[in-house]
4 protein chains.
Amino acid sequence: MAMVCLSDFEAYAKKYLPKIAWDFFAAGADDCSTRDENILAYKRIRFRPRILRDVSMIDIRTKLLGTDISFPVGIAPTGFHQLAWPDGEKSTARAAKAMNTCYVASTYSTCSLEEISAAAPGGLQWFQLYIHRNREVSQHLVQRAEALGFQGLVLTADLPYTGKRRDDIRNGFRLPPHMKLKNLEGHFEVCKMNPLDPSVTWNDIYWLRSLTTLPLIIKGILTKEDAELAVRQGVQGIIVSNHGGRQLDGAPATIDALAEVVEAVRGRVEVYLDGGIRKGSDVLKALALGAKCVFIGRPALWGLAYKGEEGLQDVLKILQDEFRLSMALAG
Amino acid sequence: MAMVCLSDFEAYAKKYLPKIAWDFFAAGADDCSTRDENILAYKRIRFRPRILRDVSMIDIRTKLLGTDISFPVGIAPTGFHQLAWPDGEKSTARAAKAMNTCYVASTYSTCSLEEISAAAPGGLQWFQLYIHRNREVSQHLVQRAEALGFQGLVLTADLPYTGKRRDDIRNGFRLPPHMKLKNLEGHFEVCKMNPLDPSVTWNDIYWLRSLTTLPLIIKGILTKEDAELAVRQGVQGIIVSNHGGRQLDGAPATIDALAEVVEAVRGRVEVYLDGGIRKGSDVLKALALGAKCVFIGRPALWGLAYKGEEGLQDVLKILQDEFRLSMALAG
Amino acid sequence: MAMVCLSDFEAYAKKYLPKIAWDFFAAGADDCSTRDENILAYKRIRFRPRILRDVSMIDIRTKLLGTDISFPVGIAPTGFHQLAWPDGEKSTARAAKAMNTCYVASTYSTCSLEEISAAAPGGLQWFQLYIHRNREVSQHLVQRAEALGFQGLVLTADLPYTGKRRDDIRNGFRLPPHMKLKNLEGHFEVCKMNPLDPSVTWNDIYWLRSLTTLPLIIKGILTKEDAELAVRQGVQGIIVSNHGGRQLDGAPATIDALAEVVEAVRGRVEVYLDGGIRKGSDVLKALALGAKCVFIGRPALWGLAYKGEEGLQDVLKILQDEFRLSMALAG
Amino acid sequence: MAMVCLSDFEAYAKKYLPKIAWDFFAAGADDCSTRDENILAYKRIRFRPRILRDVSMIDIRTKLLGTDISFPVGIAPTGFHQLAWPDGEKSTARAAKAMNTCYVASTYSTCSLEEISAAAPGGLQWFQLYIHRNREVSQHLVQRAEALGFQGLVLTADLPYTGKRRDDIRNGFRLPPHMKLKNLEGHFEVCKMNPLDPSVTWNDIYWLRSLTTLPLIIKGILTKEDAELAVRQGVQGIIVSNHGGRQLDGAPATIDALAEVVEAVRGRVEVYLDGGIRKGSDVLKALALGAKCVFIGRPALWGLAYKGEEGLQDVLKILQDEFRLSMALAG
């Protein structure tokens with residue numbers, strides 16, 4: 001089976017992952033209309049390609065908050081990588097480092113922050129945080145991440161409660177007993193019942209910033225109003241995201257929401273996007289609409305499911321080649 | 001079979017109900033395009049979700065004409081509940097009371113108003129009325145309903161004649177001999193041939209209001225012009241409805257008609273909606289567009305078909321949970 | 001098999017007609033996109049139904065150029081009715097008379113004008129004309145029609161050449177040897193090779209009007225510019241038509257073209273429409289957009305194929321009932 | 001099998017060509033959305049047909065840069081015709097000459113320019129050029145073409161790199177050993193690795209014009225900005241093209257891009273189009289939107305695959321007949 005494009009990895013993962021794991025990664029909320037819109041929306045956007053420009057040298061490098069990465073595609077935070085590959089997030093970290101891009105490690109990793117950090121020393125890593133009811137849990141996580149050398153803190157702000165994913169309910173999805181949410185071990189018992197705090201507001205950003213000197217990126221913004229609030233709260237970055245369509249079904253596609261966020265931000269902070277990236281030309285569309293970088297979620301998991309670290313590198317290389325080619329062809 | 005969402009109840013009902021009963025409940029007029037549009041129209045509406053709001057306390061209670069209900073979803077008037085469950089409307093009444101919401105009992109019930117009232121003493125019940133050619137029939141029904149403690153009168157205004165539902169004609173649909181339109185017993189013989197009066201106009205609202213002190217709600221409004229007339233006639237509420245797409249095929253989806261009605265009414269009376277509600281986020285969309293409450297028709301029947309009173313409660317609980325979650329996720 | 005709606009007759013005809021005949025009647029030009037658009041366009045049009053109007057008396061009668069018909073649906077000119085039913089156009093004429101509506105007999109009938117006229121004495125009949133290269137043929141036809149009591153002359157203006165209907169070419173369609181274009185017998189040999197005159201222009205309308213005192217109706221107008229020209233030439237009526245999508249593929253649906261024609265005409269002549277009428281509510285949509293009457297083509301042939309005169313009456317009765325009901329339900 | 005329309009030739013070619021050849025000809029970049037849009041976009045365009053115009057004489061001849069052709073459809077440059085028919089481009093040249101239209105021979109022909117020229121002496125032929133890294137290769141080709149009597153030079157400007165065609169990668173597509181890129185023999189070894197020069201810019205147009213007195217046509221323009229630049233550089237013609245959707249997936253359909261190019265050019269140079277032409281009415285739509293002529297790519301290959309020279313003539317004749325009929329029917 002030739003792995004030519006990201007859909008090939010998707011087909012592989014669907015075929016070889018246990019159904020319960022595939023369903024979990026693939027799940028969208030309710031009717032999955034937002035999940036599917038994330039992809040369909042790209043197809044409605046057309047380029048205005050220019051010709052006869054010197055495209056012999058294409059520089060696809062960029063910077064995330066000042067740090068160089070090899071091309072504007074990072075790894076979005078997703079949980080439970082051991083469901084896709086035995087080494088889990090350690091493989092993810094290694095692949096991201098090998099490709100010289102950014103990996104956003106999830107609170108809900110099946111490897112600990114220490115393991116992730118040690119797997120790819122010197123790699124650009126950000127840490128994704130949920131705010132727990134027990135604030136000490138979150139505080140402790142932030143401080144661990146900072147001490148380990150993570151270089152950014154991504155606050156996921158669209159999950160006061162977990163979205164309704166029908167297949168997960170039908171499957172009775174839960175992490176297999178031999179996997180653990182290692183970052184929460186010990187703490188987890190304390191706050192098992194709805195561990196996340198749905199009362200978090202913009203005021204908690206002050207508290208969060210008081211814990212750390214790491215730059216703060218807010219993930220889950222879809223409106224200009226929230227973009228303005230984020231800038232005013234002094235964040236360093238915004239990820240336009242609908243959580244892969246896993247939270248509120250009926251939310252807009254991220255590529256459709258991007259323009260109003262970019263316009264509201266007016267360059268004051270960096271704007272990123274995740275959701276629906278399947279081709280290099282999708283990356284180019286997002287950048288053309290103002291994103292500084294995009295992040296991939298499910299495609300990274302498909303890469304892991306295919307061949308772990310190596311498979312994820314394959315996915316990133318394909319996107320890199322496609323992105324470079326799209327830039328050349330669009331002039 | 002896990003009952004996770006309303007579609008699961010639909011699949012169950014389609015599988016286990018007699019075809020003639022399923023067809024009757026499912027029927028739309030002509031090509032069923034309005035019936036289907038009722039659902040499709042929701043999918044075209046996108047939220048603008050807000051984040052980082054304190055959603056730890058979500059109050060989903062509301063009031064219908066001053067009376068508390070647990071959440072803004074009531075039971076729309078539909079006929080012939082014994083086709084779905086032996087206890088018929090008595091089960092419906094019990095489920096509505098158990099869930100603390102409003103049940104609009106149909107003139108075409110297979111239980112009498114007395115049975116319905118007795119099944120759920122103290123529950124919030126409205127009575128749905130058609131105006132018969134023989135006005136005494138209608139007058140008698142209104143007075144019985146008022147005497148029994150029904151708290152609202154819903155006049156269905158979009159059925160001067162019955163819509164053309166092809167499957168019912170093919171099936172030769174009629175009520176099985178052991179079921180009766182109990183509210184019309186005795187009267188029914190008198191006016192068997194087209195018992196409803198197609199000459200009813202706004203002037204008859206005066207007559208109707210003279211019969212009772214109950215608040216009057218008009219069901220079947222789809223235009224601002226009729227909304228304005230309803231307000232001027234002194235009604236207390238409007239249900240934006242196309243009769244589930246069973247009357248005029250080509251009528252707009254109710255969620256599409258809602259905005260112009262709400263705008264015309266300018267808060268002078270309460271505006272409700274029925275048609276196409278299948279998820280909690282549909283309820284939220286209707287409320288965001290100005291409805292005070294929505295009513296479910298077919299999903300209630302699917303719940304009855306599944307497990308009677310208990311099944312309908314399941315349906316309502318699912319909608320309640322989904323609605324609460326949607327509110328939290330939309331901020 | 002219950003015949004509940006026009007689609008039932010379509011299914012019957014498709015099943016029981018010889019393939020070559022079905023294909024001929026069903027044919028559209030090229031990709032059949034205009035043929036299909038004729039139908040799809042109705043589905044995009046929504047009513048604004050009004051309620052609580054006295055619809056106990058619905059008068060669906062109308063007049064065509066001053067002559068009463070029972071409801072605003074006539075029989076469009078189509079050829080070769082013997083392909084559908086042995087008695088051919090004689091049955092069509094009888095059904096139209098029985099239903100008290102207008103039948104537009106085609107030049108390409110398989111019965112002669114004399115037979116058609118004799119089959120339904122006193123019925124309202126118009127005669128459809130093509131202008132032949134040999135003008136005497138056309139002149140003779142017009143004078144025969146007038147002498148026989150036909151009350152209108154319909155000039156088909158969108159067939160300078162025959163559209164490209166792929167299935168007819170594949171099938172090698174031609175009239176079976178035992179059927180004849182009886183109106184053209186004798187003449188036909190003369191002008192076998194492209195008998196119609198593609199050089200006809202608006203100036204020929206003068207000539208045509210000089211031949212007869214019959215009112216003249218132009219069929220095939222789709223633009224305001226041609227509507228204006230038709231009015232100036234002194235025609236009495238316009239049929240908005242794209243020849244059932246059989247001529248220029250890519251022409252607009254007739255219901256989409258109707259509004260601009262009606263607006264241009266400003267009531268100076270009557271405007272009719274054919275193409276895509278399948279339900280009573282389609283008739284109502286066309287009338288709401290300004291048509292005085294519509295004509296059915298293929299559905300009439302399906303009716304003939306079902307049971308000849310009786311089948312066509314069934315089709316007309318269904319449309320009549322559906323139209324009356326739609327009027328009542330739309331208020 | 002009756003060959004009635006171009007789709008019949010497509011079906012034939014798909015059935016009888018080796019899969020690897022069919023896939024190569026059919027290929028679009030990435031998801032093939034631009035390839036498919038080229039066709040779908042025509043279906044969204046509607047005519048405004050006029051009637052009662054004298055269409056007895058239809059003149060479909062036109063001129064390309066002053067040279068007469070029999071109708072406004074030429075043969076677009078496509079490579080590797082021997083994959084479709086043993087005689088390859090020689091057959092193409094003969095068919096074009098027989099139909100008195102223009103053939104644009106590709107640099108990537110499997111016959112040499114000398115063979116192509118000799119196959120159809122006196123036929124209108126243009127030569128399509130890529131600019132190679134080794135400019136001498138290109139210079140030599142241009143001078144050979146001019147010496148052989150080619151009458152125009154078409155510079156393909158949208159292929160700095162080859163688009164990503166998934167099936168070709170999966171198939172490991174390469175030219176069979178017995179076929180050669182005869183125009184590049186000798187040179188090809190020199191520049192095997194990415195032989196084309198991605199650094200070409202508008203400035204190179206000066207160089208190209210210095211090599212030859214042939215009129216220059218730029219192929220691959222999709223925007224008004226590039227159209228303006230092309231006119232300023234003194235080209236004689238523009239082909240609005242997205243390379244059949246084989247280069248940048250996400251580029252607009254050519255028929256959608258045509259209007260802005262025509263408007264920008266304001267008649268200063270001739271504007272042509274390729275991509276998606278499948279019917280005579282597509283040709284008419286392109287001309288109505290301002291194109292002087294269109295070119296067919298894949299349909300020409302289907303014709304070759306069917307019966308070589310004769311098959312391609314069949315394709316051209318069908319288009320010619322359909323185009324003439326569309327003109328008549330559109331008035």
# chains A, B, ... in the order shown; residues from 1 in each chain; ligands from 1
call {"tool": "interface_residues", "arguments": {"of": "chain B", "to": "chain A", "cutoff": "9 Å", "atoms": "only C-alpha atoms", "output": "ChimeraX atom specification"}}
result
/B:1-5,42-57,279,281,322,325-326,328-331
call {"tool": "write_last_selection", "arguments": {"atoms": "N, CA, C and O atoms", "output": "CSV table (one decimal), in the first residue's frame"}}
result
chain,number,residue,atom,x,y,z
B,1,MET,N,-29.5,-2.6,22.4
B,1,MET,CA,-29.5,-1.4,21.7
B,1,MET,C,-29.4,-0.2,22.6
B,1,MET,O,-30.4,0.1,23.3
B,2,ALA,N,-28.3,0.6,22.5
B,2,ALA,CA,-28.2,1.7,23.4
B,2,ALA,C,-29.0,2.9,22.8
B,2,ALA,O,-29.0,3.1,21.6
B,3,MET,N,-29.8,3.5,23.6
B,3,MET,CA,-30.6,4.7,23.2
B,3,MET,C,-29.8,5.9,23.5
B,3,MET,O,-29.9,6.5,24.6
B,4,VAL,N,-29.0,6.4,22.6
B,4,VAL,CA,-28.1,7.5,22.9
B,4,VAL,C,-28.6,8.8,22.4
B,4,VAL,O,-28.4,9.9,23.0
B,5,CYS,N,-29.3,8.8,21.3
B,5,CYS,CA,-29.8,10.1,20.8
B,5,CYS,C,-31.2,9.8,20.2
B,5,CYS,O,-31.7,8.6,20.1
B,42,TYR,N,-32.0,23.3,10.2
B,42,TYR,CA,-31.1,23.5,11.4
B,42,TYR,C,-29.7,23.3,11.1
B,42,TYR,O,-28.8,23.9,11.6
B,43,LYS,N,-29.4,22.4,10.1
B,43,LYS,CA,-28.0,22.1,9.8
B,43,LYS,C,-27.3,23.3,9.1
B,43,LYS,O,-26.1,23.4,9.0
B,44,ARG,N,-28.1,24.2,8.6
B,44,ARG,CA,-27.5,25.4,7.9
B,44,ARG,C,-27.2,26.5,8.9
B,44,ARG,O,-26.6,27.5,8.5
B,45,ILE,N,-27.7,26.4,10.1
B,45,ILE,CA,-27.5,27.4,11.1
B,45,ILE,C,-26.2,27.1,12.0
B,45,ILE,O,-26.1,26.0,12.5
B,46,ARG,N,-25.4,28.1,12.1
B,46,ARG,CA,-24.1,27.9,12.8
B,46,ARG,C,-24.1,28.8,14.1
B,46,ARG,O,-24.6,29.9,14.1
B,47,PHE,N,-23.6,28.2,15.1
B,47,PHE,CA,-23.4,29.0,16.4
B,47,PHE,C,-22.2,29.9,16.3
B,47,PHE,O,-21.3,29.7,15.4
B,48,ARG,N,-22.2,30.9,17.1
B,48,ARG,CA,-21.0,31.6,17.4
B,48,ARG,C,-20.6,31.4,18.8
B,48,ARG,O,-20.9,32.2,19.7
B,49,PRO,N,-19.9,30.3,19.1
B,49,PRO,CA,-19.7,29.9,20.5
B,49,PRO,C,-18.7,30.8,21.2
B,49,PRO,O,-17.7,31.3,20.7
B,50,ARG,N,-19.0,31.1,22.4
B,50,ARG,CA,-18.2,31.9,23.3
B,50,ARG,C,-17.5,31.1,24.3
B,50,ARG,O,-18.1,30.1,24.8
B,51,ILE,N,-16.3,31.4,24.7
B,51,ILE,CA,-15.6,30.6,25.7
B,51,ILE,C,-15.3,31.4,27.0
B,51,ILE,O,-15.5,32.6,27.1
B,52,LEU,N,-14.8,30.6,27.9
B,52,LEU,CA,-14.3,31.2,29.2
B,52,LEU,C,-15.4,32.0,29.9
B,52,LEU,O,-15.2,33.1,30.4
B,53,ARG,N,-16.6,31.4,29.9
B,53,ARG,CA,-17.7,31.9,30.7
B,53,ARG,C,-18.0,30.9,31.8
B,53,ARG,O,-17.8,29.7,31.5
B,54,ASP,N,-18.4,31.4,32.9
B,54,ASP,CA,-18.7,30.5,34.0
B,54,ASP,C,-20.0,29.7,33.7
B,54,ASP,O,-21.1,30.3,33.7
B,55,VAL,N,-19.8,28.5,33.3
B,55,VAL,CA,-21.0,27.6,32.9
B,55,VAL,C,-21.1,26.5,33.9
B,55,VAL,O,-21.7,25.4,33.6
B,56,SER,N,-20.7,26.8,35.2
B,56,SER,CA,-20.8,25.7,36.2
B,56,SER,C,-22.3,25.6,36.6
B,56,SER,O,-22.7,24.5,37.0
B,57,MET,N,-23.0,26.7,36.6
B,57,MET,CA,-24.4,26.6,36.9
B,57,MET,C,-25.2,27.0,35.7
B,57,MET,O,-25.1,28.1,35.2
B,279,LYS,N,-32.2,17.4,18.4
B,279,LYS,CA,-31.1,17.5,19.3
B,279,LYS,C,-31.2,18.6,20.2
B,279,LYS,O,-31.9,19.6,19.9
B,281,SER,N,-29.1,20.9,20.6
B,281,SER,CA,-28.6,22.1,20.0
B,281,SER,C,-29.6,22.7,19.1
B,281,SER,O,-29.6,23.9,18.8
B,322,GLU,N,-28.7,17.2,26.5
B,322,GLU,CA,-28.1,17.7,25.3
B,322,GLU,C,-28.2,19.3,25.3
B,322,GLU,O,-27.3,20.0,24.9
B,325,LEU,N,-25.9,20.8,27.8
B,325,LEU,CA,-24.6,20.7,27.4
B,325,LEU,C,-24.3,21.8,26.3
B,325,LEU,O,-23.3,22.4,26.2
B,326,SER,N,-25.3,21.9,25.4
B,326,SER,CA,-25.1,22.9,24.3
B,326,SER,C,-25.0,24.3,24.8
B,326,SER,O,-24.2,25.1,24.4
B,328,ALA,N,-23.9,25.1,27.7
B,328,ALA,CA,-22.5,25.3,28.3
B,328,ALA,C,-21.5,25.5,27.3
B,328,ALA,O,-20.6,26.3,27.4
B,329,LEU,N,-21.5,24.7,26.2
B,329,LEU,CA,-20.5,24.7,25.2
B,329,LEU,C,-20.6,26.0,24.3
B,329,LEU,O,-19.6,26.4,23.8
B,330,ALA,N,-21.8,26.5,24.2
B,330,ALA,CA,-22.0,27.7,23.4
B,330,ALA,C,-21.6,29.0,24.3
B,330,ALA,O,-21.6,30.1,23.8
B,331,GLY,N,-21.4,28.8,25.6
B,331,GLY,CA,-21.1,29.9,26.5
B,331,GLY,C,-22.3,30.7,26.8
B,331,GLY,O,-22.2,31.9,27.1
call {"tool": "select_by_dssp", "arguments": {"residues": "range 19-197 of chain C", "states": "helix (DSSP H, G or I)", "output": "ChimeraX atom specification"}}
result
/C:19-26,33-43,81-83,89-98,113-119,135-148,166-171,182-184,187-190
call {"tool": "residues_around", "arguments": {"residues": "range 64-79 of chain B", "least_positions_apart": "3", "cutoff": "6 Å", "atoms": "only C-alpha atoms", "output": "short mmCIF file (atom, residue, chain, number, x, y, z; two decimals) with N, CA and C atoms, in the first residue's frame"}}
result
data_model
loop_
_atom_site.label_atom_id
_atom_site.label_comp_id
_atom_site.auth_asym_id
_atom_site.auth_seq_id
_atom_site.Cartn_x
_atom_site.Cartn_y
_atom_site.Cartn_z
N ILE B 60 -31.73 25.84 33.12
CA ILE B 60 -32.46 25.62 31.87
C ILE B 60 -33.97 25.70 32.09
N ARG B 61 -34.39 26.05 33.28
CA ARG B 61 -35.83 26.18 33.53
C ARG B 61 -36.39 27.38 32.76
N ASN B 100 -41.77 17.35 34.39
CA ASN B 100 -42.16 18.73 34.71
C ASN B 100 -42.16 19.63 33.48
N THR B 101 -42.84 19.17 32.45
CA THR B 101 -42.99 20.04 31.29
C THR B 101 -44.43 20.02 30.82
N CYS B 102 -44.71 20.70 29.76
CA CYS B 102 -46.07 20.91 29.31
C CYS B 102 -46.47 19.88 28.26
N TYR B 103 -47.65 19.35 28.39
CA TYR B 103 -48.19 18.42 27.39
C TYR B 103 -49.41 19.06 26.76
N VAL B 104 -49.38 19.16 25.44
CA VAL B 104 -50.53 19.70 24.73
C VAL B 104 -51.33 18.52 24.18
N ALA B 105 -52.44 18.23 24.82
CA ALA B 105 -53.25 17.07 24.42
C ALA B 105 -54.07 17.41 23.18
N SER B 106 -54.10 16.49 22.24
CA SER B 106 -54.78 16.72 20.97
C SER B 106 -56.27 16.42 21.07
N TYR B 108 -57.66 14.95 18.80
CA TYR B 108 -57.71 13.59 18.26
C TYR B 108 -56.95 12.59 19.11
N SER B 109 -57.15 12.68 20.42
CA SER B 109 -56.54 11.71 21.33
C SER B 109 -57.36 10.43 21.35
N CYS B 293 -39.90 28.56 23.84
CA CYS B 293 -39.96 27.13 24.14
C CYS B 293 -40.20 26.41 22.82
N VAL B 294 -39.81 25.15 22.73
CA VAL B 294 -40.15 24.36 21.54
C VAL B 294 -41.00 23.16 21.96
N PHE B 295 -41.64 22.57 20.98
CA PHE B 295 -42.44 21.38 21.24
C PHE B 295 -42.00 20.26 20.29
N ILE B 296 -42.00 19.04 20.80
CA ILE B 296 -41.63 17.90 19.95
C ILE B 296 -42.86 17.07 19.63
N GLY B 297 -42.94 16.65 18.37
CA GLY B 297 -44.07 15.84 17.94
C GLY B 297 -43.64 14.39 17.74
#
call {"tool": "select_by_dssp", "arguments": {"residues": "range 33-135 of chain D", "states": "strand (DSSP E)", "output": "number ranges by chain"}}
result
D: 62-64, 67-69, 73-75, 103-105, 125-129
call {"tool": "atom_distance", "arguments": {"atom1": "CA of Ile217 in chain B", "atom2": "CA of Trp302 in chain B"}}
result
25.5 Å
call {"tool": "residues_around", "arguments": {"residues": "Glu114 in chain C", "least_positions_apart": "5", "cutoff": "9 Å", "atoms": "only C-alpha atoms", "output": "PyMOL selection string"}}
result
chain C and resi 119+144-145+148+183
call {"tool": "write_last_selection", "arguments": {"atoms": "all heavy atoms", "output": "mmCIF file, in the first residue's frame"}}
result
data_model
loop_
_atom_site.group_PDB
_atom_site.id
_atom_site.type_symbol
_atom_site.label_atom_id
_atom_site.label_comp_id
_atom_site.auth_asym_id
_atom_site.auth_seq_id
_atom_site.Cartn_x
_atom_site.Cartn_y
_atom_site.Cartn_z
ATOM 1 N N ALA C 119 -63.651 14.270 -32.175
ATOM 2 C CA ALA C 119 -63.663 13.427 -30.973
ATOM 3 C C ALA C 119 -64.248 14.163 -29.778
ATOM 4 O O ALA C 119 -64.742 13.540 -28.843
ATOM 5 C CB ALA C 119 -62.239 12.959 -30.652
ATOM 6 N N ARG C 144 -57.279 25.045 -41.977
ATOM 7 C CA ARG C 144 -58.057 23.861 -41.555
ATOM 8 C C ARG C 144 -58.467 23.982 -40.094
ATOM 9 O O ARG C 144 -59.602 23.711 -39.725
ATOM 10 C CB ARG C 144 -57.208 22.599 -41.701
ATOM 11 C CG ARG C 144 -57.358 21.879 -43.019
ATOM 12 C CD ARG C 144 -56.246 20.863 -43.192
ATOM 13 N NE ARG C 144 -56.428 19.661 -42.386
ATOM 14 C CZ ARG C 144 -55.446 18.768 -42.141
ATOM 15 N NH1 ARG C 144 -54.212 18.969 -42.635
ATOM 16 N NH2 ARG C 144 -55.693 17.693 -41.434
ATOM 17 N N ALA C 145 -57.498 24.348 -39.265
ATOM 18 C CA ALA C 145 -57.779 24.426 -37.829
ATOM 19 C C ALA C 145 -58.885 25.438 -37.539
ATOM 20 O O ALA C 145 -59.822 25.166 -36.781
ATOM 21 C CB ALA C 145 -56.506 24.815 -37.066
ATOM 22 N N LEU C 148 -62.218 24.190 -38.527
ATOM 23 C CA LEU C 148 -62.709 23.106 -37.670
ATOM 24 C C LEU C 148 -63.160 23.600 -36.297
ATOM 25 O O LEU C 148 -63.679 22.822 -35.500
ATOM 26 C CB LEU C 148 -61.609 22.058 -37.480
ATOM 27 C CG LEU C 148 -61.342 21.158 -38.696
ATOM 28 C CD1 LEU C 148 -59.992 20.445 -38.527
ATOM 29 C CD2 LEU C 148 -62.468 20.150 -38.872
ATOM 30 N N ASN C 183 -51.649 15.063 -40.086
ATOM 31 C CA ASN C 183 -51.889 16.443 -40.524
ATOM 32 C C ASN C 183 -51.003 16.845 -41.691
ATOM 33 O O ASN C 183 -51.265 17.840 -42.353
ATOM 34 C CB ASN C 183 -51.648 17.406 -39.363
ATOM 35 C CG ASN C 183 -52.732 17.254 -38.317
ATOM 36 O OD1 ASN C 183 -53.907 17.137 -38.654
ATOM 37 N ND2 ASN C 183 -52.338 17.218 -37.059
#
call {"tool": "residues_around", "arguments": {"residues": "Lys90 in chain A", "least_positions_apart": "5", "cutoff": "8 Å", "atoms": "only C-alpha atoms", "output": "PyMOL selection string"}}
result
chain A and resi 111+115-116+119-120
call {"tool": "closest_residue", "arguments": {"among": "B:Ala259, B:Ile318, B:Ala305, B:Cys32", "to": "Tyr16 in chain B", "atoms": "only C-alpha atoms"}}
result
B:Ala305
call {"tool": "atom_distance", "arguments": {"atom1": "CA of Ala21 in chain C", "atom2": "CA of Ala84 in chain C"}}
result
7.5 Å
call {"tool": "atom_distance", "arguments": {"atom1": "CA of His132 in chain C", "atom2": "CA of Arg324 in chain D"}}
result
20.4 Å
